[in-house]
>>> print(open('coords.cif').read())   # mmCIF, C-alpha atoms and all ligand atoms
data_upload
#
loop_
_atom_site.label_atom_id
_atom_site.label_comp_id
_atom_site.auth_asym_id
_atom_site.auth_seq_id
_atom_site.Cartn_x
_atom_site.Cartn_y
_atom_site.Cartn_z
CA MET A 1 -0.78 -23.12 -6.16
CA LYS A 2 0.81 -23.02 -2.78
CA GLN A 3 4.14 -23.90 -4.36
CA LEU A 4 4.02 -20.85 -6.58
CA LEU A 5 3.18 -18.67 -3.63
CA ASN A 6 6.03 -20.15 -1.61
CA PHE A 7 8.29 -19.64 -4.56
CA LEU A 8 7.27 -16.01 -4.86
CA ILE A 9 7.81 -15.43 -1.18
CA PHE A 10 11.07 -17.33 -1.28
CA SER A 11 12.35 -15.30 -4.25
CA PHE A 12 11.34 -12.21 -2.40
CA LEU A 13 13.31 -13.28 0.67
CA LEU A 14 16.34 -13.90 -1.50
CA ILE A 15 16.13 -10.39 -2.85
CA ALA A 16 15.34 -8.93 0.54
CA CYS A 17 18.21 -10.63 2.33
CA GLY A 18 20.67 -9.82 -0.39
CA PRO A 19 22.42 -6.55 -0.92
CA GLN A 20 20.48 -4.24 1.34
CA GLU A 21 21.95 -4.79 4.80
CA ARG A 22 22.82 -1.24 5.53
CA ILE A 23 21.70 -0.96 9.15
CA SER A 24 24.38 0.38 11.42
CA LYS A 25 25.76 -1.92 14.08
CA SER A 26 24.81 0.45 16.89
CA VAL A 27 21.11 0.43 15.90
CA PHE A 28 21.28 -3.35 15.59
CA ASP A 29 22.82 -3.74 19.07
CA GLU A 30 20.37 -1.30 20.61
CA VAL A 31 17.34 -3.15 19.24
CA ASN A 32 18.77 -6.52 20.29
CA SER A 33 19.50 -5.45 23.85
CA SER A 34 16.07 -3.88 24.14
CA MET A 35 14.53 -7.16 22.88
CA GLU A 36 16.54 -9.17 25.38
CA ALA A 37 15.62 -6.88 28.27
CA LYS A 38 11.95 -7.35 27.43
CA LYS A 39 12.40 -11.05 26.55
CA LEU A 40 10.70 -10.63 23.19
CA SER A 41 10.62 -13.31 20.55
CA ASP A 42 10.54 -12.71 16.81
CA SER A 43 6.93 -13.82 16.74
CA ASP A 44 5.96 -11.23 19.43
CA ILE A 45 7.48 -8.58 17.20
CA THR A 46 5.83 -9.80 14.01
CA GLN A 47 2.50 -9.95 15.79
CA GLU A 48 2.85 -6.38 17.08
CA ALA A 49 3.94 -5.18 13.62
CA MET A 50 0.76 -6.74 12.23
CA ILE A 51 -1.41 -4.94 14.81
CA TRP A 52 0.32 -1.59 14.25
CA GLY A 53 0.30 -1.94 10.45
CA ASP A 54 -3.42 -2.83 10.47
CA SER A 55 -4.18 0.18 12.61
CA ILE A 56 -2.16 2.72 10.59
CA SER A 57 -3.34 1.44 7.20
CA SER A 58 -6.97 1.47 8.36
CA GLU A 59 -6.59 5.04 9.59
CA ALA A 60 -4.98 6.08 6.29
CA GLN A 61 -7.67 4.31 4.26
CA GLN A 62 -10.43 5.94 6.30
CA LYS A 63 -8.94 9.45 6.02
CA LEU A 64 -8.45 9.10 2.26
CA MET A 65 -11.98 7.78 1.75
CA GLU A 66 -13.55 10.57 3.86
CA SER A 67 -11.70 13.22 1.88
CA LEU A 68 -12.41 11.58 -1.45
CA HIS A 69 -16.15 11.24 -0.74
CA GLN A 70 -16.25 14.83 0.43
CA ALA A 71 -14.38 16.04 -2.66
CA VAL A 72 -16.70 14.10 -5.00
CA SER A 73 -19.83 15.45 -3.31
CA GLU A 74 -18.54 19.04 -3.23
CA LYS A 75 -16.75 19.24 -6.57
CA GLY A 76 -18.08 16.30 -8.60
CA THR A 77 -15.93 13.52 -9.99
CA PHE A 78 -14.19 15.90 -12.39
CA GLY A 79 -13.06 18.26 -9.63
CA ALA A 80 -12.14 15.36 -7.36
CA VAL A 81 -9.58 13.98 -9.83
CA ALA A 82 -7.53 17.10 -9.35
CA PHE A 83 -8.19 16.88 -5.63
CA CYS A 84 -6.68 13.36 -5.52
CA ASP A 85 -3.67 14.57 -7.40
CA VAL A 86 -3.07 17.31 -4.87
CA ASN A 87 -4.36 15.84 -1.62
CA ALA A 88 -3.81 12.04 -1.50
CA GLY A 89 -0.10 12.77 -1.02
CA PRO A 90 -0.38 15.17 1.95
CA ILE A 91 -2.95 13.02 3.80
CA VAL A 92 -0.63 10.03 3.66
CA LYS A 93 2.43 12.16 4.43
CA ASP A 94 0.81 13.59 7.59
CA LEU A 95 0.29 10.06 8.89
CA SER A 96 3.83 9.04 7.88
CA ASP A 97 5.17 11.95 9.94
CA LYS A 98 2.83 11.25 12.87
CA TYR A 99 3.98 7.62 13.24
CA GLY A 100 7.53 7.84 11.84
CA VAL A 101 6.64 5.17 9.29
CA SER A 102 6.83 5.37 5.51
CA ILE A 103 3.34 4.75 4.13
CA ARG A 104 2.31 4.36 0.51
CA ARG A 105 -0.12 2.73 -1.87
CA THR A 106 1.34 0.79 -4.73
CA SER A 107 -0.09 -0.94 -7.79
CA THR A 108 1.24 -2.67 -10.91
CA LYS A 109 -1.55 -0.81 -12.77
CA ALA A 110 -0.72 2.57 -11.31
CA ARG A 111 -2.28 5.87 -12.23
CA ASN A 112 0.55 7.87 -10.70
CA GLN A 113 3.85 6.33 -11.88
CA ALA A 114 5.40 7.19 -8.51
CA ASN A 115 3.12 4.47 -7.09
CA LEU A 116 4.61 1.62 -9.14
CA PRO A 117 5.98 -1.19 -6.93
CA THR A 118 9.59 -1.37 -5.79
CA GLU A 119 11.62 -4.57 -6.16
CA GLU A 120 10.62 -5.47 -2.61
CA GLU A 121 6.93 -4.84 -3.19
CA LEU A 122 6.49 -6.45 -6.60
CA PRO A 123 6.63 -10.15 -5.55
CA ILE A 124 4.17 -9.48 -2.73
CA LEU A 125 1.76 -7.71 -5.09
CA GLU A 126 2.09 -10.61 -7.52
CA ALA A 127 1.30 -13.08 -4.75
CA TYR A 128 -1.82 -11.02 -3.83
CA GLN A 129 -2.79 -10.95 -7.51
CA TYR A 130 -2.32 -14.71 -7.80
CA ASN A 131 -4.48 -15.27 -4.72
CA ALA A 132 -7.17 -12.90 -5.99
CA GLU A 133 -7.31 -14.71 -9.34
CA ASN A 134 -7.55 -18.11 -7.66
CA GLY A 135 -10.14 -17.29 -5.03
CA ILE A 136 -7.65 -17.43 -2.14
CA GLU A 137 -8.22 -14.92 0.65
CA ASN A 138 -5.62 -12.14 0.84
CA ASN A 139 -4.45 -11.54 4.38
CA PRO A 140 -2.07 -8.75 5.42
CA ASN A 141 1.57 -9.78 5.31
CA ILE A 142 4.81 -8.93 7.12
CA GLN A 143 8.23 -9.37 5.47
CA LYS A 144 11.56 -8.65 7.13
CA ILE A 145 13.72 -6.42 4.98
CA GLU A 146 16.96 -4.48 5.38
CA GLY A 147 18.59 -7.19 7.47
CA GLY A 148 15.44 -7.56 9.56
CA GLU A 149 15.49 -3.98 10.84
CA ILE A 150 12.45 -2.96 8.80
CA LEU A 151 9.20 -4.89 8.85
CA LEU A 152 7.35 -4.36 5.60
CA TYR A 153 3.61 -4.51 6.30
CA THR A 154 1.34 -4.90 3.27
CA LYS A 155 -2.43 -5.11 2.89
CA ALA A 156 -4.43 -5.68 -0.29
CA ILE A 157 -6.62 -2.84 -1.61
CA VAL A 158 -9.73 -4.03 -3.42
CA ILE A 159 -12.14 -2.09 -5.64
CA SER A 160 -14.75 -1.97 -2.92
CA SER A 161 -17.71 -0.40 -4.72
CA GLU A 162 -18.99 1.28 -7.87
CA PHE A 163 -17.84 4.56 -6.40
CA CYS A 164 -14.29 3.66 -7.46
CA LEU A 165 -15.39 2.92 -11.04
CA ALA A 166 -16.16 6.58 -11.73
CA CYS A 167 -12.38 7.00 -11.92
CA HIS A 168 -11.02 3.43 -12.29
CA GLY A 169 -13.70 1.70 -14.42
CA SER A 170 -14.00 1.23 -18.18
CA SER A 171 -14.18 4.18 -20.57
CA ASN A 172 -17.98 3.74 -20.56
CA GLU A 173 -18.05 4.13 -16.80
CA ILE A 174 -15.73 7.13 -16.60
CA GLU A 175 -17.33 10.34 -17.87
CA ALA A 176 -15.63 11.75 -20.97
CA SER A 177 -14.65 14.99 -19.21
CA VAL A 178 -13.19 13.04 -16.27
CA LEU A 179 -11.30 10.78 -18.67
CA SER A 180 -9.67 13.70 -20.45
CA LYS A 181 -8.84 15.32 -17.11
CA ILE A 182 -7.16 12.08 -15.97
CA ASP A 183 -5.25 11.87 -19.28
CA SER A 184 -4.06 15.45 -18.93
CA ILE A 185 -2.64 14.84 -15.42
CA TYR A 186 -1.53 11.19 -15.74
CA SER A 187 -0.26 10.56 -19.26
CA GLU A 188 0.77 6.97 -18.43
CA ASP A 189 -2.36 6.00 -16.49
CA MET A 190 -2.94 2.23 -16.20
CA ALA A 191 -5.53 2.34 -13.42
CA ARG A 192 -8.62 1.69 -15.56
CA ASP A 193 -10.94 -1.13 -16.58
CA PHE A 194 -11.29 -2.42 -13.05
CA ASN A 195 -14.43 -4.17 -11.79
CA VAL A 196 -15.89 -4.26 -8.29
CA GLY A 197 -14.01 -6.92 -6.28
CA ASP A 198 -10.77 -6.65 -8.30
CA LEU A 199 -7.44 -6.26 -6.57
CA ARG A 200 -6.48 -2.62 -7.08
CA GLY A 201 -3.12 -2.59 -5.30
CA MET A 202 -1.84 -2.67 -1.73
CA TRP A 203 -0.86 -0.55 1.23
CA SER A 204 2.86 -0.73 1.94
CA LEU A 205 4.24 0.42 5.30
CA ARG A 206 7.87 0.28 6.37
CA LEU A 207 7.77 -0.26 10.14
CA PRO A 208 11.14 0.18 11.87
CA LYS A 209 11.71 -2.86 14.12
CA LYS A 210 12.98 -0.49 16.80
CA SER A 211 9.64 1.35 16.95
CA VAL A 212 7.73 -1.95 17.00
CA VAL A 213 9.87 -3.19 19.93
CA ASN A 214 9.26 0.10 21.76
CA ARG A 215 5.53 -0.49 21.60
CA LEU A 216 5.84 -3.78 23.51
C1 LIG B 301 -12.49 11.05 -8.17
C2 LIG B 301 -11.72 10.02 -8.84
C3 LIG B 301 -11.30 8.81 -8.04
C4 LIG B 301 -12.09 7.94 -7.35
C5 LIG B 301 -13.60 7.99 -7.13
C6 LIG B 301 -11.20 6.90 -6.84
N1 LIG B 301 -9.91 7.15 -7.23
FE1 LIG B 301 -8.27 6.01 -6.84
N2 LIG B 301 -7.08 7.38 -7.72
C7 LIG B 301 -7.52 8.54 -8.34
C8 LIG B 301 -6.39 9.33 -8.72
C9 LIG B 301 -6.44 10.69 -9.42
C10 LIG B 301 -5.23 8.61 -8.30
C11 LIG B 301 -3.78 9.04 -8.40
C12 LIG B 301 -3.41 9.67 -7.05
C13 LIG B 301 -1.96 10.08 -6.97
O1 LIG B 301 -1.55 10.92 -7.77
O2 LIG B 301 -1.27 9.52 -6.10
C14 LIG B 301 -5.73 7.40 -7.67
C15 LIG B 301 -4.89 6.44 -7.13
C16 LIG B 301 -5.32 5.30 -6.50
C17 LIG B 301 -4.43 4.30 -5.94
C18 LIG B 301 -2.91 4.37 -5.86
C19 LIG B 301 -2.20 3.64 -6.95
C20 LIG B 301 -2.19 4.36 -8.28
O3 LIG B 301 -2.86 3.86 -9.19
O4 LIG B 301 -1.53 5.42 -8.42
C21 LIG B 301 -5.25 3.33 -5.41
C22 LIG B 301 -4.78 2.06 -4.70
C23 LIG B 301 -6.62 3.74 -5.64
N3 LIG B 301 -6.62 4.94 -6.32
C24 LIG B 301 -7.73 3.02 -5.24
C25 LIG B 301 -9.03 3.50 -5.30
C26 LIG B 301 -10.18 2.80 -4.73
C27 LIG B 301 -10.13 1.45 -4.03
C28 LIG B 301 -11.28 3.60 -4.94
C29 LIG B 301 -12.70 3.38 -4.47
C30 LIG B 301 -12.88 3.18 -3.05
C31 LIG B 301 -10.81 4.79 -5.66
N4 LIG B 301 -9.46 4.68 -5.85
C32 LIG B 301 -11.63 5.83 -6.07
C33 LIG B 301 -8.84 8.89 -8.55
C34 LIG B 301 -9.92 8.29 -7.96
#
>>> encode(input="coords.cif", output="C-alpha cells")
Amino acid sequence: MKQLLNFLIFSFLLIACGPQERISKSVFDEVNSSMEAKKLSDSDITQEAMIWGDSISSEAQQKLMESLHQAVSEKGTFGAVAFCDVNAGPIVKDLSDKYGVSIRRTSTKARNQANLPTEEELPILEAYQYNAENGIENNPNIQKIEGGEILLYTKAIVISSEFCLACHGSSNEIEASVLSKIDSIYSEDMARDFNVGDLRGMWSLRLPKKSVVNRL
C-alpha cells in the first residue's frame, strides 16, 4: 500500500520537477537571501506552509459552509443550487485576494468542470482516494512545485453530513426539481451518488514560498 503511495508521490515529483521551472532568477535569489538572513531550513518553511494552508483552508471552508447553510435555509435546496453557482466563486476569490494565494476546490468527480484536477493535483487526489478506500487517515500535504517556489497545500474534503447529500447524493436523495436544476446548470455533472464519509475532493492552495518565508 505504502509503495503505491510512494510511487504516486514520486511520479508527482517527477512531473512537478520537470518542465515548469519558470521562476525568475531575481525572485529565487531574493527568497534565498531572505532565508539565509533568517537562518531558515526547508523544514521550517514546510511547517509554516502547513500552518498557513490549514488556516486559510479552514477559513474558506467555514465561510462557504455559513453561506451555503444560510442559502439553503432562506431559499431551499433548489434556490441554493443557483446560489452555489454564483457565490462559491466570489467567496473563494475574496480570500485568494486577501492572502495573495490561489485557492480552489478540486475533484475527479466534479460538478463544475472548471474544478477538475490539474496535472499537479491529480496524483495527490488519487493518493487521498487510495487512502480513503483503504482506511488510511488523510492528512494535509505540502508539495514543492515550480522549482520549489510554490508550495502546493492540499487538504481532503469529505462528505461530512447528510446535508451534502441533498445536492451530492443519489437520485433518490436529491429532489427531482433540484436534480433538473443541477442538470440545467452543470450538463457534465459527476458530483452525485456520494455517501456520508466519502472523499469528495480536496482544497488546493498555491502558497508562494516568498510569502511563507515572510511570515517567519
Ligand atoms: C444546495 C446544494 C449543495 C449542497 C447542500 C452542497 N453542495 Fe457542493 N456543490 C454544489 C454546487 C452547485 C457545486 C458547484 C459549484 C461551482 O460551480 O463551483 C458544488 C461543488 C462542490 C465542490 C467543488 C468540486 C465540484 O464538484 O465542482 C465540493 C468539494 C463540494 N461541492 C463539496 C460539498 C460538501 C462537502 C457539502 C456538504 C458539507 C456540499 N458540497 C453541499 C451544490 C451543493
>>> residues_around(input="coords.cif", residues="Ala71 in chain A", least_positions_apart="3", cutoff="10 Å", atoms="all atoms listed in the file", output="number ranges by chain")
A: 65-68, 74-84
>>> residues_near_ligand(input="coords.cif", ligand="ligand LIG 301 (chain B)", cutoff="7 Å", atoms="all atoms listed in the file", output="number ranges by chain")
A: 65, 68, 72, 77-78, 80-82, 84-85, 88-89, 105-107, 109-113, 115, 157-161, 163-168, 182, 191, 200-202
>>> residues_near_point(input="coords.cif", point="(2.6, 5.7, 11.5)", cutoff="10 Å", atoms="all atoms listed in the file", output="list in words")
Trp52, Gly53, Ser55, Ile56, Ser57, Glu59, Ala60, Val92, Lys93, Asp94, Leu95, Ser96, Asp97, Lys98, Tyr99, Gly100, Val101, Ser102, Ile103, Leu205, Arg206, Leu207 and Ser211 of chain A
>>> closest_residue(input="coords.cif", among="A:Lys210, A:Leu64, A:Gly147, A:Trp203", to="Glu121 in chain A", atoms="all atoms listed in the file")
A:Trp203
>>> residues_around(input="coords.cif", residues="Pro140 in chain A", least_positions_apart="6", cutoff="10 Å", atoms="all atoms listed in the file", output="mmCIF file with C-alpha atoms, in the frame of the given file")
data_model
loop_
_atom_site.group_PDB
_atom_site.id
_atom_site.type_symbol
_atom_site.label_atom_id
_atom_site.label_comp_id
_atom_site.auth_asym_id
_atom_site.auth_seq_id
_atom_site.Cartn_x
_atom_site.Cartn_y
_atom_site.Cartn_z
ATOM 1 C CA MET A 50 0.760 -6.740 12.230
ATOM 2 C CA GLY A 53 0.300 -1.940 10.450
ATOM 3 C CA ASP A 54 -3.420 -2.830 10.470
ATOM 4 C CA TYR A 128 -1.820 -11.020 -3.830
ATOM 5 C CA TYR A 153 3.610 -4.510 6.300
ATOM 6 C CA THR A 154 1.340 -4.900 3.270
ATOM 7 C CA LYS A 155 -2.430 -5.110 2.890
ATOM 8 C CA ALA A 156 -4.430 -5.680 -0.290
ATOM 9 C CA MET A 202 -1.840 -2.670 -1.730
ATOM 10 C CA TRP A 203 -0.860 -0.550 1.230
#
>>> closest_residue(input="coords.cif", among="A:Ile91, A:Ile150, A:Ile145, A:Ile45", to="Asn214 in chain A", atoms="only C-alpha atoms")
A:Ile45
>>> atom_distance(input="coords.cif", atom1="CA of Asp193 in chain A", atom2="CA of Ser171 in chain A")
7.4 Å
>>> atom_distance(input="coords.cif", atom1="CA of Ser204 in chain A", atom2="CA of Lys63 in chain A")
16.1 Å
>>> atom_distance(input="coords.cif", atom1="CA of Lys25 in chain A", atom2="CA of Thr118 in chain A")
25.6 Å
>>> closest_residue(input="coords.cif", among="A:Ser73, A:Thr108, A:Asp29, A:Ala37", to="Asp189 in chain A", atoms="all atoms listed in the file")
A:Thr108
>>> axis_aligned_box(input="coords.cif", around="range 129-140 of chain A", padding_each_side="6 Å", output="lines of an AutoDock Vina configuration file")
center_x = -6.1
center_y = -13.4
center_z = -2.0
size_x = 20.1
size_y = 21.4
size_z = 26.8
>>> closest_residue(input="coords.cif", among="A:Thr46, A:Ser180, A:Asn32, A:Gln62", to="Leu151 in chain A", atoms="all atoms listed in the file")
A:Thr46
>>> closest_residue(input="coords.cif", among="A:Asn141, A:Ser41, A:Gln70, A:Ser170", to="Phe194 in chain A", atoms="all atoms listed in the file")
A:Ser170
>>> build_atoms(input="coords.cif", residues="range 165-196 of chain A", atoms="N, CA and C atoms", output="mmCIF file, in the frame of the given file")
data_model
loop_
_atom_site.group_PDB
_atom_site.id
_atom_site.type_symbol
_atom_site.label_atom_id
_atom_site.label_comp_id
_atom_site.auth_asym_id
_atom_site.auth_seq_id
_atom_site.Cartn_x
_atom_site.Cartn_y
_atom_site.Cartn_z
ATOM 1 N N LEU A 165 -15.379 3.087 -9.584
ATOM 2 C CA LEU A 165 -15.390 2.920 -11.040
ATOM 3 C C LEU A 165 -15.534 4.243 -11.788
ATOM 4 N N ALA A 166 -16.042 5.267 -11.095
ATOM 5 C CA ALA A 166 -16.160 6.580 -11.730
ATOM 6 C C ALA A 166 -14.794 7.097 -12.159
ATOM 7 N N CYS A 167 -13.735 6.584 -11.548
ATOM 8 C CA CYS A 167 -12.380 7.000 -11.920
ATOM 9 C C CYS A 167 -11.475 5.821 -12.319
ATOM 10 N N HIS A 168 -11.876 4.595 -11.979
ATOM 11 C CA HIS A 168 -11.020 3.430 -12.290
ATOM 12 C C HIS A 168 -11.735 2.369 -13.127
ATOM 13 N N GLY A 169 -12.941 2.680 -13.632
ATOM 14 C CA GLY A 169 -13.700 1.700 -14.420
ATOM 15 C C GLY A 169 -13.329 1.743 -15.897
ATOM 16 N N SER A 170 -14.239 1.231 -16.727
ATOM 17 C CA SER A 170 -14.000 1.230 -18.180
ATOM 18 C C SER A 170 -14.287 2.617 -18.743
ATOM 19 N N SER A 171 -13.940 2.834 -20.010
ATOM 20 C CA SER A 171 -14.180 4.180 -20.570
ATOM 21 C C SER A 171 -15.667 4.488 -20.686
ATOM 22 N N ASN A 172 -16.534 3.463 -20.601
ATOM 23 C CA ASN A 172 -17.980 3.740 -20.560
ATOM 24 C C ASN A 172 -18.396 4.250 -19.181
ATOM 25 N N GLU A 173 -17.662 3.770 -18.176
ATOM 26 C CA GLU A 173 -18.050 4.130 -16.800
ATOM 27 C C GLU A 173 -17.457 5.472 -16.355
ATOM 28 N N ILE A 174 -16.346 5.852 -16.962
ATOM 29 C CA ILE A 174 -15.730 7.130 -16.600
ATOM 30 C C ILE A 174 -16.258 8.194 -17.559
ATOM 31 N N GLU A 175 -16.802 9.252 -17.008
ATOM 32 C CA GLU A 175 -17.330 10.340 -17.870
ATOM 33 C C GLU A 175 -16.227 10.874 -18.773
ATOM 34 N N ALA A 176 -16.623 11.294 -19.983
ATOM 35 C CA ALA A 176 -15.630 11.750 -20.970
ATOM 36 C C ALA A 176 -14.767 12.903 -20.417
ATOM 37 N N SER A 177 -15.414 13.841 -19.714
ATOM 38 C CA SER A 177 -14.650 14.990 -19.210
ATOM 39 C C SER A 177 -13.639 14.547 -18.132
ATOM 40 N N VAL A 178 -14.072 13.565 -17.331
ATOM 41 C CA VAL A 178 -13.190 13.040 -16.270
ATOM 42 C C VAL A 178 -12.002 12.313 -16.916
ATOM 43 N N LEU A 179 -12.334 11.540 -17.965
ATOM 44 C CA LEU A 179 -11.300 10.780 -18.670
ATOM 45 C C LEU A 179 -10.225 11.717 -19.239
ATOM 46 N N SER A 180 -10.679 12.819 -19.840
ATOM 47 C CA SER A 180 -9.670 13.700 -20.450
ATOM 48 C C SER A 180 -8.881 14.447 -19.367
ATOM 49 N N LYS A 181 -9.553 14.709 -18.237
ATOM 50 C CA LYS A 181 -8.840 15.320 -17.110
ATOM 51 C C LYS A 181 -7.748 14.363 -16.601
ATOM 52 N N ILE A 182 -8.132 13.083 -16.446
ATOM 53 C CA ILE A 182 -7.160 12.080 -15.970
ATOM 54 C C ILE A 182 -5.982 12.016 -16.957
ATOM 55 N N ASP A 183 -6.314 11.948 -18.268
ATOM 56 C CA ASP A 183 -5.250 11.870 -19.280
ATOM 57 C C ASP A 183 -4.315 13.068 -19.213
ATOM 58 N N SER A 184 -4.914 14.248 -18.915
ATOM 59 C CA SER A 184 -4.060 15.450 -18.930
ATOM 60 C C SER A 184 -3.108 15.462 -17.723
ATOM 61 N N ILE A 185 -3.521 14.842 -16.607
ATOM 62 C CA ILE A 185 -2.640 14.840 -15.420
ATOM 63 C C ILE A 185 -1.712 13.608 -15.433
ATOM 64 N N TYR A 186 -2.292 12.446 -15.814
ATOM 65 C CA TYR A 186 -1.530 11.190 -15.740
ATOM 66 C C TYR A 186 -1.402 10.596 -17.137
ATOM 67 N N SER A 187 -0.352 10.978 -17.850
ATOM 68 C CA SER A 187 -0.260 10.560 -19.260
ATOM 69 C C SER A 187 -0.016 9.052 -19.388
ATOM 70 N N GLU A 188 0.518 8.417 -18.325
ATOM 71 C CA GLU A 188 0.770 6.970 -18.430
ATOM 72 C C GLU A 188 -0.172 6.146 -17.561
ATOM 73 N N ASP A 189 -1.379 6.672 -17.366
ATOM 74 C CA ASP A 189 -2.360 6.000 -16.490
ATOM 75 C C ASP A 189 -2.639 4.549 -16.907
ATOM 76 N N MET A 190 -2.559 3.626 -15.937
ATOM 77 C CA MET A 190 -2.940 2.230 -16.200
ATOM 78 C C MET A 190 -4.089 1.792 -15.304
ATOM 79 N N ALA A 191 -4.567 2.718 -14.465
ATOM 80 C CA ALA A 191 -5.530 2.340 -13.420
ATOM 81 C C ALA A 191 -6.973 2.408 -13.909
ATOM 82 N N ARG A 192 -7.269 1.694 -14.994
ATOM 83 C CA ARG A 192 -8.620 1.690 -15.560
ATOM 84 C C ARG A 192 -9.081 0.262 -15.803
ATOM 85 N N ASP A 193 -10.344 0.163 -16.221
ATOM 86 C CA ASP A 193 -10.940 -1.130 -16.580
ATOM 87 C C ASP A 193 -11.009 -2.101 -15.409
ATOM 88 N N PHE A 194 -11.086 -1.565 -14.215
ATOM 89 C CA PHE A 194 -11.290 -2.420 -13.050
ATOM 90 C C PHE A 194 -12.773 -2.715 -12.880
ATOM 91 N N ASN A 195 -13.062 -3.839 -12.187
ATOM 92 C CA ASN A 195 -14.430 -4.170 -11.790
ATOM 93 C C ASN A 195 -14.499 -4.229 -10.274
ATOM 94 N N VAL A 196 -15.729 -4.134 -9.737
ATOM 95 C CA VAL A 196 -15.890 -4.260 -8.290
ATOM 96 C C VAL A 196 -15.358 -5.627 -7.855
#
